[in-house]
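Have a look at coords03.txt; it's compact mmCIF, C-alpha atoms and all ligand atoms:
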```
# COMPACT_ATOMS: atom_id res chain seq x y z
CA MET A 1 119.71 254.59 227.39
CA LYS A 2 118.20 256.12 230.53
CA PRO A 3 115.61 253.71 231.94
CA LEU A 4 111.96 254.73 232.01
CA VAL A 5 110.83 255.17 235.59
CA CYS A 6 107.52 253.55 236.56
CA ALA A 7 105.60 254.21 239.79
CA LEU A 8 103.66 251.24 241.13
CA ALA A 9 101.13 251.07 243.94
CA LYS A 10 102.55 248.84 246.65
CA GLY A 11 100.20 246.12 247.79
CA ARG A 12 97.81 243.97 245.84
CA LEU A 13 98.13 245.90 242.57
CA ALA A 14 101.94 245.71 242.33
CA ASP A 15 102.10 241.95 241.65
CA ALA A 16 99.45 242.08 238.93
CA ALA A 17 101.16 245.08 237.32
CA VAL A 18 104.57 243.40 237.40
CA ASP A 19 103.10 240.25 235.80
CA LEU A 20 101.60 242.38 233.04
CA PHE A 21 104.89 244.18 232.34
CA GLY A 22 106.64 240.78 232.37
CA ARG A 23 104.25 239.27 229.84
CA ALA A 24 104.71 242.36 227.69
CA GLY A 25 108.47 241.66 227.58
CA GLU A 26 109.20 244.83 229.54
CA LEU A 27 111.03 243.19 232.46
CA LYS A 28 114.57 242.00 232.07
CA GLY A 29 117.08 240.78 234.59
CA GLY A 30 116.03 239.96 238.11
CA ILE A 31 113.61 242.82 238.72
CA ARG A 32 110.46 240.70 238.65
CA ALA A 33 111.79 238.26 241.25
CA GLU A 34 113.08 241.12 243.41
CA ILE A 35 109.71 242.89 243.45
CA LYS A 36 107.89 239.65 244.24
CA LYS A 37 110.07 239.09 247.30
CA LYS A 38 107.91 241.73 249.00
CA SER A 39 110.77 243.22 250.95
CA ARG A 40 110.68 246.74 252.38
CA ARG A 41 112.76 247.92 249.42
CA LEU A 42 111.18 250.80 247.51
CA ILE A 43 113.23 251.17 244.31
CA PHE A 44 113.93 248.36 241.85
CA SER A 45 116.37 248.80 238.99
CA ASP A 46 118.64 246.46 237.11
CA GLU A 47 121.49 247.12 234.67
CA ASP A 48 119.89 244.85 232.04
CA SER A 49 116.52 246.54 232.21
CA ASP A 50 115.46 249.70 230.43
CA ILE A 51 112.67 250.26 232.93
CA SER A 52 112.95 250.78 236.68
CA PHE A 53 110.19 250.75 239.29
CA PHE A 54 109.41 252.33 242.60
CA MET A 55 106.68 251.50 245.08
CA ALA A 56 104.46 254.30 246.35
CA LYS A 57 101.27 254.43 248.34
CA ALA A 58 98.45 253.81 245.86
CA SER A 59 96.91 257.26 246.29
CA ASP A 60 100.31 258.92 245.70
CA VAL A 61 101.11 257.29 242.34
CA PRO A 62 99.35 260.05 240.29
CA THR A 63 101.33 262.71 242.22
CA TYR A 64 104.71 261.12 241.42
CA VAL A 65 103.77 260.87 237.75
CA ASP A 66 102.33 264.41 237.56
CA TYR A 67 105.56 265.92 238.96
CA GLY A 68 107.75 263.80 236.66
CA ALA A 69 109.39 261.77 239.44
CA ALA A 70 108.09 258.83 237.39
CA ASP A 71 107.59 258.83 233.60
CA ILE A 72 104.73 256.37 233.83
CA GLY A 73 102.68 254.72 236.54
CA VAL A 74 100.01 252.17 237.29
CA ALA A 75 97.27 253.92 239.23
CA GLY A 76 93.80 252.90 240.35
CA LYS A 77 90.96 254.87 238.77
CA ASP A 78 89.91 255.68 242.35
CA ALA A 79 93.21 257.50 242.96
CA LEU A 80 92.92 259.26 239.60
CA LEU A 81 89.36 260.46 240.25
CA GLU A 82 90.34 261.70 243.68
CA GLY A 83 93.74 263.19 242.75
CA ARG A 84 92.60 265.00 239.57
CA ARG A 85 96.15 265.23 238.30
CA ASN A 86 97.18 266.47 234.90
CA LEU A 87 98.26 263.17 233.28
CA TYR A 88 97.67 261.10 230.21
CA GLU A 89 95.54 258.07 231.10
CA VAL A 90 96.46 255.77 228.22
CA LEU A 91 95.27 252.23 228.98
CA ASP A 92 92.75 250.40 231.11
CA LEU A 93 94.89 247.49 232.34
CA GLY A 94 91.94 245.35 233.45
CA ILE A 95 93.59 244.62 236.80
CA GLY A 96 92.62 245.85 240.28
CA VAL A 97 88.99 245.67 239.20
CA CYS A 98 86.57 246.83 241.88
CA ARG A 99 83.68 249.27 242.43
CA MET A 100 83.33 252.61 244.17
CA VAL A 101 80.14 252.36 246.22
CA VAL A 102 77.97 253.88 248.91
CA ALA A 103 77.57 251.29 251.68
CA GLY A 104 76.30 251.08 255.21
CA PRO A 105 74.32 249.04 257.72
CA GLU A 106 70.79 247.96 256.61
CA SER A 107 69.38 250.34 259.24
CA ALA A 108 70.75 253.29 257.24
CA ARG A 109 69.39 252.24 253.81
CA GLU A 110 66.35 254.56 253.86
CA LEU A 111 68.33 257.46 255.25
CA ALA A 112 70.94 256.91 252.54
CA ARG A 113 68.21 256.99 249.88
CA ARG A 114 66.32 260.07 251.01
CA GLY A 115 67.72 261.73 254.07
CA ASN A 116 69.57 265.00 253.99
CA ASN A 117 72.67 265.90 255.99
CA LEU A 118 73.91 262.36 255.57
CA ARG A 119 77.23 261.79 257.32
CA VAL A 120 79.59 260.09 254.89
CA ALA A 121 82.94 258.64 255.96
CA THR A 122 85.49 258.14 253.19
CA LYS A 123 89.08 258.11 252.01
CA TYR A 124 87.75 259.77 248.84
CA PRO A 125 86.26 263.16 249.88
CA ARG A 126 86.29 264.75 246.41
CA THR A 127 84.68 261.72 244.81
CA ALA A 128 82.02 261.59 247.54
CA ILE A 129 81.23 265.31 247.30
CA ASP A 130 81.07 265.07 243.52
CA TYR A 131 78.64 262.16 243.73
CA PHE A 132 76.27 263.43 246.41
CA ALA A 133 76.42 267.21 245.98
CA ARG A 134 76.86 267.59 242.22
CA GLN A 135 75.23 264.52 240.77
CA LYS A 136 72.45 263.98 243.33
CA GLN A 137 72.02 267.48 244.77
CA ARG A 138 72.14 266.05 248.27
CA SER A 139 73.61 267.86 251.22
CA VAL A 140 76.13 265.64 253.01
CA GLU A 141 78.76 266.00 255.67
CA ILE A 142 82.02 264.39 254.59
CA ILE A 143 84.19 262.82 257.28
CA MET A 144 87.64 262.17 255.87
CA LEU A 145 89.37 259.01 257.08
CA ASN A 146 92.61 257.31 256.04
CA GLY A 147 91.67 253.63 256.23
CA SER A 148 89.39 250.94 257.71
CA VAL A 149 86.49 253.17 256.69
CA GLU A 150 84.00 250.33 257.34
CA LEU A 151 84.45 251.00 261.03
CA ALA A 152 82.84 254.45 260.86
CA PRO A 153 79.13 253.48 260.61
CA MET A 154 79.64 250.63 263.09
CA VAL A 155 80.83 252.90 265.86
CA GLY A 156 78.48 255.82 265.14
CA LEU A 157 80.94 258.13 263.40
CA ALA A 158 79.00 258.20 260.10
CA ASP A 159 75.73 256.99 258.54
CA VAL A 160 77.32 255.52 255.41
CA ILE A 161 80.69 255.14 253.71
CA VAL A 162 81.96 255.81 250.20
CA ASP A 163 84.68 253.27 249.52
CA ILE A 164 85.97 250.71 247.07
CA VAL A 165 84.69 247.14 247.22
CA GLU A 166 86.60 244.32 245.60
CA THR A 167 85.56 240.91 246.95
CA GLY A 168 82.93 242.38 249.28
CA GLY A 169 84.54 240.45 252.14
CA THR A 170 85.22 243.46 254.35
CA LEU A 171 81.63 244.72 254.05
CA ARG A 172 80.16 241.25 254.69
CA GLU A 173 82.32 240.51 257.70
CA ASN A 174 81.23 243.78 259.24
CA GLY A 175 77.50 243.51 258.53
CA LEU A 176 77.45 246.25 255.88
CA ALA A 177 75.75 246.24 252.48
CA VAL A 178 76.18 248.09 249.18
CA PHE A 179 73.44 250.71 248.67
CA GLU A 180 74.53 252.37 245.45
CA GLU A 181 77.28 251.93 242.89
CA ILE A 182 79.11 255.15 242.03
CA THR A 183 81.49 253.90 239.36
CA PRO A 184 83.47 250.84 238.28
CA ILE A 185 87.20 251.06 239.06
CA SER A 186 90.28 249.44 237.52
CA ALA A 187 93.99 250.18 237.21
CA ARG A 188 95.15 252.51 234.45
CA LEU A 189 98.51 253.10 232.80
CA VAL A 190 99.26 256.80 233.19
CA VAL A 191 101.99 258.87 231.57
CA ASN A 192 103.65 262.15 232.55
CA ARG A 193 102.88 264.84 229.96
CA ALA A 194 106.51 265.88 229.35
CA SER A 195 107.75 262.26 229.26
CA MET A 196 105.17 261.51 226.58
CA LYS A 197 106.99 264.03 224.34
CA ILE A 198 110.60 263.38 225.38
CA GLU A 199 110.37 259.57 225.48
CA HIS A 200 107.64 259.27 222.86
CA ALA A 201 108.95 256.31 220.84
CA ARG A 202 109.83 254.28 223.94
CA ILE A 203 106.49 254.93 225.65
CA VAL A 204 104.44 254.21 222.51
CA GLU A 205 106.32 250.90 222.15
CA LEU A 206 105.58 250.02 225.78
CA ILE A 207 101.88 250.85 225.35
CA LYS A 208 101.74 248.64 222.22
CA ASN A 209 103.47 245.75 224.01
CA ILE A 210 101.03 245.93 226.93
CA GLU A 211 98.05 246.34 224.61
CA ALA A 212 99.10 243.15 222.77
CA VAL A 213 99.08 241.22 226.07
CA LEU A 214 95.67 242.64 227.02
CA LYS A 215 94.21 241.60 223.65
CA LYS A 216 95.46 238.02 224.16
CA GLY A 217 93.57 238.04 227.47
C1 LIG B 1 90.26 248.56 250.65
C2 LIG B 1 88.91 249.25 250.78
C3 LIG B 1 88.12 248.30 251.62
C4 LIG B 1 88.64 246.94 251.19
C5 LIG B 1 87.71 246.32 250.19
O1 LIG B 1 91.00 248.83 251.81
O2 LIG B 1 89.05 250.54 251.34
O3 LIG B 1 88.34 248.50 252.99
O4 LIG B 1 89.92 247.18 250.56
O5 LIG B 1 88.15 245.06 249.76
P1 LIG B 1 87.22 243.77 249.80
O6 LIG B 1 85.90 244.15 249.16
O7 LIG B 1 87.97 242.76 248.96
O8 LIG B 1 87.07 243.35 251.22
P2 LIG B 1 92.53 248.49 251.94
O9 LIG B 1 92.74 247.01 251.99
O10 LIG B 1 93.26 249.16 250.82
O11 LIG B 1 92.94 249.06 253.35
P3 LIG B 1 92.55 250.40 254.13
O12 LIG B 1 91.12 250.27 254.58
O13 LIG B 1 93.47 250.44 255.29
O14 LIG B 1 92.75 251.57 253.21
```
Show me the file's structure as structure tokens.
Amino acid sequence: MKPLVCALAKGRLADAAVDLFGRAGELKGGIRAEIKKKSRRLIFSDEDSDISFFMAKASDVPTYVDYGAADIGVAGKDALLEGRRNLYEVLDLGIGVCRMVVAGPESARELARRGNNLRVATKYPRTAIDYFARQKQRSVEIIMLNGSVELAPMVGLADVIVDIVETGGTLRENGLAVFEEITPISARLVVNRASMKIEHARIVELIKNIEAVLKKG
């Protein structure tokens, strides 16, 4: 049987996802241990296992699944909202829980509440435009960054940021505060549309196995 291919987001989500697949009985052979070694290896497969994994950048997981390079994937809701890919989002996995927020220095709180032409730095331009322009009818200037977004208001590049907050540590350590919550975020199991038809029985079984683990808590 050809193994199912699963795209995982390298980094903090990969370990939690691998644990979940393990508890669901979906990991055989040495794959779990190999992934946990945190090497620079990108593809993990094993003769005994009917599922193989690859590690992608978190924001790219929906792309790999949309194009069918992976049958399934574990993607953050942030990446799904931003990527707007044509996928089946089948399960909320309850891992990678965080919030998408508007944040900034206290000195920008009033401006963030009322001011127009707010300068917003973010890794999530579509999500930020959707929130400010469509939902709040506010005119904003979006400044697209690729990481360490918290830096932007501190060095005068932007008034506020739109970013994900997990522990709040990065905001706190940089003197920034949450102004508004845009949406809660967590990791989702996503499935390629063609794979859902071709590998239907196998994928439904996998979803059931993971669901059983989630119910146990
Ligand atoms: C994410 C996010 C924040 C940070 C929040 O960045 O963009 O910067 O984590 O986490 P915390 O609330 O637990 O501090 P990531 O670590 O993915 O790195 P990046 O900024 O380089 O994208």
Discussion item. Could you list, as a list in words, every residue within 9 Å of stretch 199-210 of chain A, counting only C-alpha atoms and ignoring same-chain residues fewer than 3 positions away?
Written reply: Leu4, Leu20, Phe21, Arg23, Ala24, Gly25, Glu26, Asp71, Ile72, Val90, Leu91, Leu93, Leu189, Val191, Ala194, Ser195, Met196, Val213, Leu214 and Lys215 of chain A
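Excluding A:Arg40 itself and any same-chain residue fewer than 6 positions from it, the protein and nucleic acid residues within 12 Å of it, counting only C-alpha atoms, are Lys10, Gly11, Glu34, Phe54, Met55 and Ala56 of chain A.
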Mind writing the picked residues with C-alpha atoms as a PDB file, in the coordinates of the input?
```
ATOM      1  CA  LYS A  10     102.550 248.840 246.650  1.00  0.00           C
ATOM      2  CA  GLY A  11     100.200 246.120 247.790  1.00  0.00           C
ATOM      3  CA  GLU A  34     113.080 241.120 243.410  1.00  0.00           C
ATOM      4  CA  PHE A  54     109.410 252.330 242.600  1.00  0.00           C
ATOM      5  CA  MET A  55     106.680 251.500 245.080  1.00  0.00           C
ATOM      6  CA  ALA A  56     104.460 254.300 246.350  1.00  0.00           C
TER       7      ALA A  56
END
```
Practice prompt. Quick one: pull the distance between atom CA of A:Arg109 and atom CA of A:Asp78, Å, one decimal.
Written response: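 Separating atom CA of A:Arg109 from atom CA of A:Asp78 is a distance of 23.8 Å.
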Fill in: Surrounding residues of A:Lys36 excluding itself and chain neighbours under 2 positions, 10 Å, only C-alpha atoms, as a ChimeraX atom specification
/A:14-15,18-19,31-34,38-39
Discussion item. Need the shell around stretch 114-118 of chain A: protein/DNA/RNA residues with any atom at most 9 Å away, counting all atoms listed in the file. Skip same-chain ones fewer than 6 positions apart. Format as a ChimeraX atom specification?
Written reply: /A:138-142,158-160
First collect every listed atom of ligand LIG 1 (chain B); then fit an axis-aligned box around them, widen it by 8 Å on each side, and give centre and edge lengths in Å to one decimal, as JSON.
```
{"center_x": 89.7, "center_y": 247.2, "center_z": 252.1, "size_x": 23.6, "size_y": 24.8, "size_z": 22.3}
```
Discussion item. Between atom CA of A:Glu89 and atom CA of A:Glu47, what distance in Å does the model show, to one decimal?
Written reply: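 Atom-to-atom, atom CA of A:Glu89 and atom CA of A:Glu47 are spaced 28.4 Å apart.
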Discussion item. I'd like the interatomic distance between atom CA of A:Arg193 and atom CA of A:Val5, to a tenth of an Å.
Written reply: 13.7 Å
Item to complete: Counting all atoms listed in the file, figure out which residue out of A:Phe132, A:Ala75, A:Lys197, A:Arg12 gets nearest to ligand LIG 1 (chain B).
Response: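 Nearest to ligand LIG 1 (chain B): A:Arg12.
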Item to complete: Show me which residues sit within 10 Å of ligand LIG 1 (chain B) when counting only C-alpha atoms and all ligand atoms, and put them as a PyMOL selection string.
Response: chain A and resi 11-12+57-59+98-100+122-124+145-151+161-174
Practice prompt. Compile the contact shell of A:Glu181 as a list in words: residues with an atom at most 9 Å away, counting only C-alpha atoms, same-chain residues fewer than 3 positions apart removed.
Written response: Arg99, Met100, Val101, Val102, Ala103, Val178 and Pro184 of chain A
Discussion item. Could you check the closest approach to A:Thr183 for each of A:Ala112, A:Ala69, A:Ala121, A:Val97 and tell me which residue wins, using all atoms listed in the file?
Written reply: A:Val97
Discussion item. Taking all atoms listed in the file into account, name the residue in A:Lys136, A:Asp46, A:Ser186, A:Lys28 that is nearest to A:Arg113.
Written reply: A:Lys136
Practice prompt. Have a look at A:Arg126, A:Arg119, A:Lys2, A:Arg188 and name the one nearest to A:Leu81; count all atoms listed in the file.
Written response: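 Nearest candidate to A:Leu81 out of A:Arg126, A:Arg119, A:Lys2, A:Arg188: A:Arg126.
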